[in-house]
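This report concerns only the one structure given below.
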Amino acid sequence: QVHLVESGGGLVQPGGSLRLTCAASGLVLRYATMNWYRQAPGKGRELIASTNNDGATEFVASVKGRFTVSRDGARSTVSLQMNNLSSEDTAVYYCNTHWRGRDFWGRGTQVTVSS
């Protein structure tokens, strides 16, 4: 059974940075495509970043140039570094993967950008 746990959310001022981490178990991270989604208040869940098993990354236009994704195979974690945050980045952030025919989600971590 795959288990994903996000951490690192919190309150940050506009222009600040946060680093989210997704701890993954029950899979072999180097073979998995890992995704970061977010859901802002009153909106649907949005895919914002992906990293595949080749290490390639993709980002939605609204975060490109501000967010980066990295993975640590030894720790089985995937991190989302978020810089130059604005109020529009306020959301619950979720880690996701599709493994052996099933979708798995973490419970999410809240990011609030406010002065």
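Labels for the structure tokens follow display order: chains A, B, ..., residues from 1 in each chain, ligands from 1.
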- [ ] Write out as number ranges by chain the residues lying within 10 Å of stretch 76-80 of chain A, counting only C-alpha atoms and excluding same-chain residues fewer than 5 positions away.
- [x] A: 4-8, 18-30, 34-36, 49-51, 67-71, 93, 95
Output N, CA and C atoms of each residue in that selection to a file, as a PDB file, in the first residue's frame.
ATOM      1  N   LEU A   4       1.450   8.431   1.283  1.00  0.00           N
ATOM      2  CA  LEU A   4       2.091   9.721   1.017  1.00  0.00           C
ATOM      3  C   LEU A   4       1.764  10.678   2.157  1.00  0.00           C
ATOM      4  N   VAL A   5       2.775  11.352   2.662  1.00  0.00           N
ATOM      5  CA  VAL A   5       2.577  12.296   3.758  1.00  0.00           C
ATOM      6  C   VAL A   5       3.279  13.602   3.427  1.00  0.00           C
ATOM      7  N   GLU A   6       2.498  14.676   3.338  1.00  0.00           N
ATOM      8  CA  GLU A   6       3.058  15.999   3.069  1.00  0.00           C
ATOM      9  C   GLU A   6       3.389  16.711   4.378  1.00  0.00           C
ATOM     10  N   SER A   7       4.385  17.566   4.308  1.00  0.00           N
ATOM     11  CA  SER A   7       4.750  18.400   5.446  1.00  0.00           C
ATOM     12  C   SER A   7       5.378  19.681   4.925  1.00  0.00           C
ATOM     13  N   GLY A   8       5.505  20.649   5.818  1.00  0.00           N
ATOM     14  CA  GLY A   8       6.198  21.882   5.480  1.00  0.00           C
ATOM     15  C   GLY A   8       5.316  23.085   5.217  1.00  0.00           C
ATOM     16  N   LEU A  18       8.681  28.725   0.920  1.00  0.00           N
ATOM     17  CA  LEU A  18       8.401  27.535   1.720  1.00  0.00           C
ATOM     18  C   LEU A  18       8.891  26.322   0.959  1.00  0.00           C
ATOM     19  N   ARG A  19       9.213  25.290   1.704  1.00  0.00           N
ATOM     20  CA  ARG A  19       9.605  24.023   1.087  1.00  0.00           C
ATOM     21  C   ARG A  19       8.693  22.931   1.620  1.00  0.00           C
ATOM     22  N   LEU A  20       7.948  22.341   0.733  1.00  0.00           N
ATOM     23  CA  LEU A  20       7.081  21.232   1.086  1.00  0.00           C
ATOM     24  C   LEU A  20       7.782  19.914   0.782  1.00  0.00           C
ATOM     25  N   THR A  21       7.511  18.933   1.607  1.00  0.00           N
ATOM     26  CA  THR A  21       8.091  17.615   1.403  1.00  0.00           C
ATOM     27  C   THR A  21       6.993  16.559   1.408  1.00  0.00           C
ATOM     28  N   CYS A  22       7.121  15.617   0.506  1.00  0.00           N
ATOM     29  CA  CYS A  22       6.214  14.466   0.453  1.00  0.00           C
ATOM     30  C   CYS A  22       7.035  13.218   0.742  1.00  0.00           C
ATOM     31  N   ALA A  23       6.725  12.557   1.830  1.00  0.00           N
ATOM     32  CA  ALA A  23       7.376  11.300   2.182  1.00  0.00           C
ATOM     33  C   ALA A  23       6.547  10.158   1.610  1.00  0.00           C
ATOM     34  N   ALA A  24       7.182   9.347   0.772  1.00  0.00           N
ATOM     35  CA  ALA A  24       6.465   8.283   0.069  1.00  0.00           C
ATOM     36  C   ALA A  24       6.946   6.913   0.530  1.00  0.00           C
ATOM     37  N   SER A  25       6.018   6.036   0.806  1.00  0.00           N
ATOM     38  CA  SER A  25       6.348   4.653   1.157  1.00  0.00           C
ATOM     39  C   SER A  25       5.446   3.716   0.366  1.00  0.00           C
ATOM     40  N   GLY A  26       5.888   2.470   0.247  1.00  0.00           N
ATOM     41  CA  GLY A  26       5.090   1.489  -0.477  1.00  0.00           C
ATOM     42  C   GLY A  26       5.321   1.487  -1.971  1.00  0.00           C
ATOM     43  N   LEU A  27       6.299   2.249  -2.441  1.00  0.00           N
ATOM     44  CA  LEU A  27       6.630   2.264  -3.854  1.00  0.00           C
ATOM     45  C   LEU A  27       8.129   2.459  -4.014  1.00  0.00           C
ATOM     46  N   VAL A  28       8.593   2.326  -5.241  1.00  0.00           N
ATOM     47  CA  VAL A  28       9.996   2.587  -5.541  1.00  0.00           C
ATOM     48  C   VAL A  28      10.052   3.952  -6.206  1.00  0.00           C
ATOM     49  N   LEU A  29      10.524   4.919  -5.470  1.00  0.00           N
ATOM     50  CA  LEU A  29      10.400   6.313  -5.894  1.00  0.00           C
ATOM     51  C   LEU A  29      11.026   6.552  -7.263  1.00  0.00           C
ATOM     52  N   ARG A  30      12.139   5.906  -7.555  1.00  0.00           N
ATOM     53  CA  ARG A  30      12.831   6.223  -8.802  1.00  0.00           C
ATOM     54  C   ARG A  30      12.025   5.770 -10.025  1.00  0.00           C
ATOM     55  N   MET A  34       5.782  11.567  -9.745  1.00  0.00           N
ATOM     56  CA  MET A  34       5.226  12.202  -8.554  1.00  0.00           C
ATOM     57  C   MET A  34       4.683  13.573  -8.934  1.00  0.00           C
ATOM     58  N   ASN A  35       3.505  13.850  -8.425  1.00  0.00           N
ATOM     59  CA  ASN A  35       2.825  15.102  -8.764  1.00  0.00           C
ATOM     60  C   ASN A  35       2.521  15.914  -7.522  1.00  0.00           C
ATOM     61  N   TRP A  36       2.497  17.215  -7.711  1.00  0.00           N
ATOM     62  CA  TRP A  36       2.002  18.138  -6.687  1.00  0.00           C
ATOM     63  C   TRP A  36       0.753  18.827  -7.238  1.00  0.00           C
ATOM     64  N   ALA A  49       2.767  20.698 -10.586  1.00  0.00           N
ATOM     65  CA  ALA A  49       4.138  20.260 -10.844  1.00  0.00           C
ATOM     66  C   ALA A  49       4.200  18.745 -10.911  1.00  0.00           C
ATOM     67  N   SER A  50       5.085  18.258 -11.772  1.00  0.00           N
ATOM     68  CA  SER A  50       5.305  16.813 -11.890  1.00  0.00           C
ATOM     69  C   SER A  50       6.779  16.531 -12.070  1.00  0.00           C
ATOM     70  N   THR A  51       7.208  15.394 -11.550  1.00  0.00           N
ATOM     71  CA  THR A  51       8.548  14.912 -11.816  1.00  0.00           C
ATOM     72  C   THR A  51       8.444  13.428 -12.156  1.00  0.00           C
ATOM     73  N   PHE A  67       8.724  27.874  -8.652  1.00  0.00           N
ATOM     74  CA  PHE A  67       8.702  26.601  -7.942  1.00  0.00           C
ATOM     75  C   PHE A  67       9.666  25.622  -8.601  1.00  0.00           C
ATOM     76  N   THR A  68      10.298  24.800  -7.788  1.00  0.00           N
ATOM     77  CA  THR A  68      11.119  23.708  -8.306  1.00  0.00           C
ATOM     78  C   THR A  68      10.769  22.419  -7.558  1.00  0.00           C
ATOM     79  N   VAL A  69      11.045  21.307  -8.208  1.00  0.00           N
ATOM     80  CA  VAL A  69      10.773  20.001  -7.616  1.00  0.00           C
ATOM     81  C   VAL A  69      12.056  19.189  -7.587  1.00  0.00           C
ATOM     82  N   SER A  70      12.281  18.487  -6.507  1.00  0.00           N
ATOM     83  CA  SER A  70      13.433  17.607  -6.416  1.00  0.00           C
ATOM     84  C   SER A  70      13.014  16.330  -5.698  1.00  0.00           C
ATOM     85  N   ARG A  71      13.785  15.270  -5.935  1.00  0.00           N
ATOM     86  CA  ARG A  71      13.480  14.020  -5.263  1.00  0.00           C
ATOM     87  C   ARG A  71      14.747  13.464  -4.614  1.00  0.00           C
ATOM     88  N   TYR A  93      -1.946  21.934  -0.394  1.00  0.00           N
ATOM     89  CA  TYR A  93      -1.056  21.297  -1.367  1.00  0.00           C
ATOM     90  C   TYR A  93      -1.024  19.791  -1.114  1.00  0.00           C
ATOM     91  N   CYS A  95       0.307  15.838  -2.444  1.00  0.00           N
ATOM     92  CA  CYS A  95       1.217  14.961  -3.175  1.00  0.00           C
ATOM     93  C   CYS A  95       0.392  13.831  -3.781  1.00  0.00           C
TER      94      CYS A  95
END
Find the spatial neighbours of stretch 107-114 of chain A, counting only C-alpha atoms, within a cut-off of 6 Å - ignore same-chain residues fewer than 4 positions away - and output them as a short mmCIF file (atom, residue, chain, number, x, y, z; two decimals) with C-alpha atoms, in the first residue's frame.
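Result file around-v1.cif:
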data_model
loop_
_atom_site.label_atom_id
_atom_site.label_comp_id
_atom_site.auth_asym_id
_atom_site.auth_seq_id
_atom_site.Cartn_x
_atom_site.Cartn_y
_atom_site.Cartn_z
CA GLU A 6 3.06 16.00 3.07
CA GLY A 9 3.13 24.04 5.03
CA GLY A 10 2.40 27.11 7.09
CA LEU A 11 1.91 30.85 7.07
CA VAL A 12 4.33 32.94 5.03
CA GLN A 13 4.43 36.58 4.00
CA PRO A 14 4.12 37.61 0.34
CA SER A 86 1.82 35.49 -3.36
CA SER A 87 -1.69 35.35 -1.95
CA THR A 90 -2.74 30.10 -0.80
CA ALA A 91 -4.10 26.57 -1.00
CA VAL A 92 -3.92 23.08 0.37
CA TYR A 93 -1.06 21.30 -1.37
CA TYR A 94 -1.27 17.58 -2.11
#
- [ ] Find, counting only C-alpha atoms, the residue in A:Asp89, A:Trp105, A:Trp99, A:Glu58 that gets nearest to A:Pro41.
- [x] A:Asp89
Open item on the list: Using DSSP secondary structure from the backbone, list all strand (DSSP E or B) positions within stretch 16-89 of chain A, as a ChimeraX atom specification.
Closed with: /A:18-25,34-39,45-51,57-59,67-72,77-82
So that I have them on file, write out the residues from the current selection with C-alpha atoms, as a compact mmCIF listing (two decimals), in the first residue's frame.
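Output below, filename selection.txt:
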# COMPACT_ATOMS: atom_id res chain seq x y z
CA LEU A 18 8.40 27.54 1.72
CA ARG A 19 9.61 24.02 1.09
CA LEU A 20 7.08 21.23 1.09
CA THR A 21 8.09 17.62 1.40
CA CYS A 22 6.21 14.47 0.45
CA ALA A 23 7.38 11.30 2.18
CA ALA A 24 6.46 8.28 0.07
CA SER A 25 6.35 4.65 1.16
CA MET A 34 5.23 12.20 -8.55
CA ASN A 35 2.82 15.10 -8.76
CA TRP A 36 2.00 18.14 -6.69
CA TYR A 37 -1.54 19.47 -6.77
CA ARG A 38 -3.13 22.34 -4.93
CA GLN A 39 -6.65 23.37 -4.12
CA ARG A 45 -7.78 20.74 -7.45
CA GLU A 46 -5.04 21.84 -9.86
CA LEU A 47 -1.94 20.00 -11.02
CA ILE A 48 0.99 22.37 -10.58
CA ALA A 49 4.14 20.26 -10.84
CA SER A 50 5.30 16.81 -11.89
CA THR A 51 8.55 14.91 -11.82
CA THR A 57 9.89 18.18 -14.39
CA GLU A 58 6.89 20.12 -15.63
CA PHE A 59 5.12 23.08 -14.11
CA PHE A 67 8.70 26.60 -7.94
CA THR A 68 11.12 23.71 -8.31
CA VAL A 69 10.77 20.00 -7.62
CA SER A 70 13.43 17.61 -6.42
CA ARG A 71 13.48 14.02 -5.26
CA ASP A 72 15.65 12.18 -2.76
CA THR A 77 10.91 12.04 -0.54
CA VAL A 78 9.87 14.59 -3.12
CA SER A 79 10.18 18.26 -2.31
CA LEU A 80 8.48 21.32 -3.72
CA GLN A 81 10.48 24.50 -3.24
CA MET A 82 8.23 27.53 -3.54
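Using only C-alpha atoms for every distance, the candidate list A:Phe104, A:Ser62, A:Ser115, A:Ala74 yields A:Phe104 as the residue closest to A:His3.
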TODO: Figure out the distance between atom CA of A:Gly16 and atom CA of A:Thr97, please, to one decimal in Å.
DONE: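 Between atom CA of A:Thr97 and atom CA of A:Gly16 the gap is 27.6 Å.
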Using backbone DSSP assignments, extract all helix (DSSP H, G or I) residues from chain A; output them as a PDB file with C-alpha atoms, in the first residue's frame.
ATOM      1  CA  LEU A  29      10.400   6.313  -5.894  1.00  0.00           C
ATOM      2  CA  ARG A  30      12.831   6.223  -8.802  1.00  0.00           C
ATOM      3  CA  TYR A  31      10.189   4.481 -10.928  1.00  0.00           C
ATOM      4  CA  SER A  87      -1.689  35.347  -1.952  1.00  0.00           C
ATOM      5  CA  GLU A  88      -2.728  33.454  -5.078  1.00  0.00           C
ATOM      6  CA  ASP A  89      -0.595  30.556  -3.905  1.00  0.00           C
TER       7      ASP A  89
END
- [ ] For atom CA of A:Ala61 and atom CA of A:Arg75, quote the distance in Å rounded to one decimal.
- [x]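 Between atom CA of A:Ala61 and atom CA of A:Arg75 the gap is 29.0 Å.
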Open item on the list: Please compute the atom CA of A:Ser17-atom CA of A:Ala32 distance, one decimal, in Å.
Closed with: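 Taking atom CA of A:Ser17 and atom CA of A:Ala32, their separation equals 26.4 Å.
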